[in-house]
Amino acid sequence: MGPPGAGKGTQAKVVAEHFGVPAISTGDIFRANVSRGTALGKKAQEYMDAGEYVPDEVTNLMVRARIDEPDAEPGFLLDGYPRTLSQVEELDGMIRHTGHELDAVVVLTVDPDEIVGRLLQRAEVEGRADDTEDVVRRRQEVYGEQTEPLIGVYRRRGIVHEIDGMGPVDEVTKRIFDALDVVPQS
Ligand code: AMP
């Protein structure tokens, strides 16, 4: 977890690779559907372009289908899900059904002033439609209102690792591995 621009996607890939499990990014799945012009993409696009969350029913169904894929059987890392209280409850239900458990919630903390800069830079590199300045600001607001409160929910379960997300990518990765008590392969 962490606000847009905290580096979740980058770190998720490295951590998932270490554990040999898929990194499941709801944002990436939505973007792939938007670019393929699927029915799901058509439903998601207007929300994404406005910096709002895609409705829970749509997102939950998509995640449920994804974690039922065979590659997720040994485990998985979720990047960008859950983002609402309803998604937390839904995820609890899904993994009760699959027999998985939530081992850890990694929260990346960043300096809010740095984030807008990072996102605008990413807009140039990746050409994402949701990285314009207004939408970037709206996405931060939505995160604060709807997603930040979930950290408290998981903190009460004792599984939150809060990690300083500032600094070079590999330093942040090292902090995550240290917190998870993992020896990275070189
Ligand atoms: P991300 O790449 O994780 O920043 O996600 C990009 C956009 O996809 C978000 O701004 C939302 O519009 C949508 N999205 C991704 N994950 C979720 C989620 N768990 N719930 C609702 N909308 C989501």
# chains A, B, ... in the order shown; residues from 1 in each chain; ligands from 1
call {"tool": "residues_around", "arguments": {"residues": "region 146-153 of chain A", "least_positions_apart": "2", "cutoff": "10 Å", "atoms": "only C-alpha atoms", "output": "mmCIF file with N, CA, C and O atoms, in the first residue's frame"}}
result
data_model
loop_
_atom_site.group_PDB
_atom_site.id
_atom_site.type_symbol
_atom_site.label_atom_id
_atom_site.label_comp_id
_atom_site.auth_asym_id
_atom_site.auth_seq_id
_atom_site.Cartn_x
_atom_site.Cartn_y
_atom_site.Cartn_z
ATOM 1 N N MET A 1 0.839 -1.181 0.000
ATOM 2 C CA MET A 1 0.000 0.000 0.000
ATOM 3 C C MET A 1 0.884 1.243 0.000
ATOM 4 O O MET A 1 2.065 1.184 0.294
ATOM 5 N N GLY A 2 0.264 2.366 -0.286
ATOM 6 C CA GLY A 2 0.982 3.634 -0.345
ATOM 7 C C GLY A 2 0.311 4.507 -1.373
ATOM 8 O O GLY A 2 -0.371 3.993 -2.270
ATOM 9 N N PRO A 3 0.489 5.817 -1.268
ATOM 10 C CA PRO A 3 -0.193 6.712 -2.202
ATOM 11 C C PRO A 3 0.309 6.537 -3.640
ATOM 12 O O PRO A 3 1.398 6.001 -3.850
ATOM 13 N N TYR A 53 -11.839 5.753 -8.086
ATOM 14 C CA TYR A 53 -11.747 4.310 -8.041
ATOM 15 C C TYR A 53 -12.819 3.673 -8.919
ATOM 16 O O TYR A 53 -13.955 4.155 -8.982
ATOM 17 N N GLY A 80 -1.967 -2.578 -5.201
ATOM 18 C CA GLY A 80 -3.081 -1.675 -5.509
ATOM 19 C C GLY A 80 -4.441 -2.252 -5.160
ATOM 20 O O GLY A 80 -5.471 -1.746 -5.617
ATOM 21 N N TYR A 81 -4.461 -3.293 -4.372
ATOM 22 C CA TYR A 81 -5.701 -3.925 -3.908
ATOM 23 C C TYR A 81 -5.413 -4.548 -2.566
ATOM 24 O O TYR A 81 -4.375 -5.195 -2.437
ATOM 25 N N PRO A 82 -6.263 -4.414 -1.559
ATOM 26 C CA PRO A 82 -7.516 -3.656 -1.533
ATOM 27 C C PRO A 82 -7.276 -2.158 -1.320
ATOM 28 O O PRO A 82 -6.272 -1.746 -0.768
ATOM 29 N N ARG A 83 -8.232 -1.373 -1.804
ATOM 30 C CA ARG A 83 -8.154 0.074 -1.668
ATOM 31 C C ARG A 83 -9.356 0.654 -0.936
ATOM 32 O O ARG A 83 -9.378 1.857 -0.684
ATOM 33 N N THR A 84 -10.356 -0.156 -0.668
ATOM 34 C CA THR A 84 -11.532 0.321 0.082
ATOM 35 C C THR A 84 -11.856 -0.727 1.150
ATOM 36 O O THR A 84 -11.420 -1.880 1.047
ATOM 37 N N LEU A 85 -12.662 -0.289 2.126
ATOM 38 C CA LEU A 85 -13.037 -1.200 3.200
ATOM 39 C C LEU A 85 -13.796 -2.412 2.654
ATOM 40 O O LEU A 85 -13.593 -3.545 3.090
ATOM 41 N N GLN A 87 -13.386 -3.765 -0.185
ATOM 42 C CA GLN A 87 -12.406 -4.668 -0.817
ATOM 43 C C GLN A 87 -11.651 -5.486 0.231
ATOM 44 O O GLN A 87 -11.305 -6.645 -0.009
ATOM 45 N N VAL A 88 -11.402 -4.879 1.402
ATOM 46 C CA VAL A 88 -10.738 -5.628 2.484
ATOM 47 C C VAL A 88 -11.599 -6.825 2.872
ATOM 48 O O VAL A 88 -11.112 -7.961 2.986
ATOM 49 N N VAL A 105 1.423 -6.769 5.143
ATOM 50 C CA VAL A 105 0.994 -5.594 4.375
ATOM 51 C C VAL A 105 2.163 -4.609 4.411
ATOM 52 O O VAL A 105 2.586 -4.187 5.483
ATOM 53 N N VAL A 106 2.726 -4.320 3.245
ATOM 54 C CA VAL A 106 3.847 -3.385 3.163
ATOM 55 C C VAL A 106 3.298 -2.010 2.771
ATOM 56 O O VAL A 106 2.634 -1.882 1.741
ATOM 57 N N VAL A 107 3.543 -1.029 3.616
ATOM 58 C CA VAL A 107 3.090 0.333 3.335
ATOM 59 C C VAL A 107 4.314 1.182 3.024
ATOM 60 O O VAL A 107 5.233 1.277 3.839
ATOM 61 N N GLN A 140 -4.478 11.517 -5.154
ATOM 62 C CA GLN A 140 -3.942 11.598 -3.778
ATOM 63 C C GLN A 140 -5.081 11.752 -2.781
ATOM 64 O O GLN A 140 -5.077 11.138 -1.713
ATOM 65 N N GLU A 141 -6.062 12.601 -3.145
ATOM 66 C CA GLU A 141 -7.202 12.831 -2.245
ATOM 67 C C GLU A 141 -7.984 11.545 -2.006
ATOM 68 O O GLU A 141 -8.329 11.212 -0.879
ATOM 69 N N VAL A 142 -8.262 10.849 -3.123
ATOM 70 C CA VAL A 142 -9.039 9.605 -3.023
ATOM 71 C C VAL A 142 -8.281 8.596 -2.156
ATOM 72 O O VAL A 142 -8.873 7.922 -1.310
ATOM 73 N N TYR A 143 -6.969 8.543 -2.333
ATOM 74 C CA TYR A 143 -6.166 7.632 -1.505
ATOM 75 C C TYR A 143 -6.322 7.987 -0.018
ATOM 76 O O TYR A 143 -6.570 7.117 0.818
ATOM 77 N N GLY A 144 -6.202 9.267 0.294
ATOM 78 C CA GLY A 144 -6.300 9.705 1.690
ATOM 79 C C GLY A 144 -7.667 9.399 2.294
ATOM 80 O O GLY A 144 -7.771 8.970 3.441
ATOM 81 N N ARG A 155 -3.190 -2.739 10.688
ATOM 82 C CA ARG A 155 -2.288 -2.574 11.837
ATOM 83 C C ARG A 155 -2.868 -3.320 13.049
ATOM 84 O O ARG A 155 -2.145 -3.969 13.790
ATOM 85 N N ARG A 156 -4.177 -3.223 13.190
ATOM 86 C CA ARG A 156 -4.800 -3.938 14.312
ATOM 87 C C ARG A 156 -4.638 -5.457 14.176
ATOM 88 O O ARG A 156 -4.696 -6.179 15.147
ATOM 89 N N ARG A 157 -4.421 -5.923 12.960
ATOM 90 C CA ARG A 157 -4.165 -7.368 12.781
ATOM 91 C C ARG A 157 -2.687 -7.707 12.982
ATOM 92 O O ARG A 157 -2.302 -8.873 12.894
ATOM 93 N N GLY A 158 -1.861 -6.648 13.155
ATOM 94 C CA GLY A 158 -0.439 -6.873 13.443
ATOM 95 C C GLY A 158 0.393 -7.297 12.248
ATOM 96 O O GLY A 158 1.443 -7.934 12.404
ATOM 97 N N ILE A 159 -0.031 -6.947 11.025
ATOM 98 C CA ILE A 159 0.723 -7.421 9.852
ATOM 99 C C ILE A 159 1.299 -6.279 9.012
ATOM 100 O O ILE A 159 1.802 -6.509 7.914
ATOM 101 N N VAL A 160 1.232 -5.040 9.545
ATOM 102 C CA VAL A 160 1.706 -3.894 8.754
ATOM 103 C C VAL A 160 3.206 -3.665 8.942
ATOM 104 O O VAL A 160 3.711 -3.681 10.056
ATOM 105 N N HIS A 161 3.907 -3.463 7.811
ATOM 106 C CA HIS A 161 5.309 -3.047 7.836
ATOM 107 C C HIS A 161 5.379 -1.703 7.133
ATOM 108 O O HIS A 161 5.165 -1.637 5.918
ATOM 109 N N GLU A 162 5.645 -0.663 7.911
ATOM 110 C CA GLU A 162 5.724 0.663 7.297
ATOM 111 C C GLU A 162 7.171 0.915 6.869
ATOM 112 O O GLU A 162 8.093 0.815 7.673
#
call {"tool": "select_by_dssp", "arguments": {"residues": "region 58-134 of chain A", "states": "alpha helix (DSSP H)", "output": "JSON, numbers by chain"}}
result
{"A": [58, 59, 60, 61, 62, 63, 64, 65, 66, 67, 85, 86, 87, 88, 89, 90, 91, 92, 93, 94, 95, 96, 97, 98, 112, 113, 114, 115, 116, 117, 118, 119, 120, 121, 122, 123, 124, 125, 126, 133, 134]}
call {"tool": "atom_distance", "arguments": {"atom1": "CA of Leu120 (chain A)", "atom2": "CA of Val15 (chain A)"}}
result
25.1 Å
call {"tool": "closest_residue", "arguments": {"among": "A:Gly27, A:Pro22, A:Pro74, A:Gly41", "to": "ligand 1", "atoms": "only C-alpha atoms and all ligand atoms"}}
result
A:Gly27
call {"tool": "closest_residue", "arguments": {"among": "A:Thr26, A:Thr173, A:Thr132, A:Asn60", "to": "ligand 1", "atoms": "only C-alpha atoms and all ligand atoms"}}
result
A:Thr26
call {"tool": "closest_residue", "arguments": {"among": "A:Val135, A:Ala72, A:Val116, A:Met94", "to": "ligand 1", "atoms": "only C-alpha atoms and all ligand atoms"}}
result
A:Val135
call {"tool": "closest_residue", "arguments": {"among": "A:Val169, A:Ala16, A:Ile176, A:Ile24", "to": "ligand 1", "atoms": "only C-alpha atoms and all ligand atoms"}}
result
A:Ile24
call {"tool": "residues_around", "arguments": {"residues": "Leu108 (chain A)", "least_positions_apart": "2", "cutoff": "6 Å", "atoms": "only C-alpha atoms", "output": "list in words"}}
result
Gly2, Ile163, Asp164 and Gly165 of chain A
call {"tool": "write_last_selection", "arguments": {"atoms": "N, CA, C and O atoms", "output": "short mmCIF file (atom, residue, chain, number, x, y, z; two decimals), in the first residue's frame"}}
result
data_model
loop_
_atom_site.label_atom_id
_atom_site.label_comp_id
_atom_site.auth_asym_id
_atom_site.auth_seq_id
_atom_site.Cartn_x
_atom_site.Cartn_y
_atom_site.Cartn_z
N GLY A 2 0.26 2.37 -0.29
CA GLY A 2 0.98 3.63 -0.35
C GLY A 2 0.31 4.51 -1.37
O GLY A 2 -0.37 3.99 -2.27
N ILE A 163 7.35 1.22 5.59
CA ILE A 163 8.69 1.33 5.01
C ILE A 163 8.87 2.73 4.42
O ILE A 163 7.99 3.20 3.68
N ASP A 164 10.03 3.34 4.70
CA ASP A 164 10.34 4.62 4.09
C ASP A 164 10.57 4.38 2.59
O ASP A 164 11.49 3.67 2.20
N GLY A 165 9.69 4.98 1.76
CA GLY A 165 9.76 4.76 0.31
C GLY A 165 10.61 5.78 -0.42
O GLY A 165 10.67 5.77 -1.64
#
call {"tool": "atom_distance", "arguments": {"atom1": "atom 4 (O, counted along the ligand's line) of ligand 1", "atom2": "CA of Glu114 (chain A)"}}
result
16.1 Å
call {"tool": "select_by_dssp", "arguments": {"residues": "region 46-145 of chain A", "states": "strand (DSSP E or B)", "output": "list in words"}}
result
Leu77, Leu78, Asp79, Val105, Val106, Val107, Leu108 and Thr109 of chain A
call {"tool": "closest_residue", "arguments": {"among": "A:Gly127, A:Pro4, A:Pro112, A:Gly167", "to": "Glu52 (chain A)", "atoms": "only C-alpha atoms"}}
result
A:Pro4
call {"tool": "residues_around", "arguments": {"residues": "region 55-58 of chain A", "least_positions_apart": "4", "cutoff": "9 Å", "atoms": "only C-alpha atoms", "output": "list in words"}}
result
Leu40, Lys43, Ala44, Tyr47, Met62, Val63, Thr84, Ser86 and Gln87 of chain A
call {"tool": "closest_residue", "arguments": {"among": "A:Gly37, A:Glu101, A:Lys13, A:Asp49", "to": "Val136 (chain A)", "atoms": "only C-alpha atoms"}}
result
A:Asp49
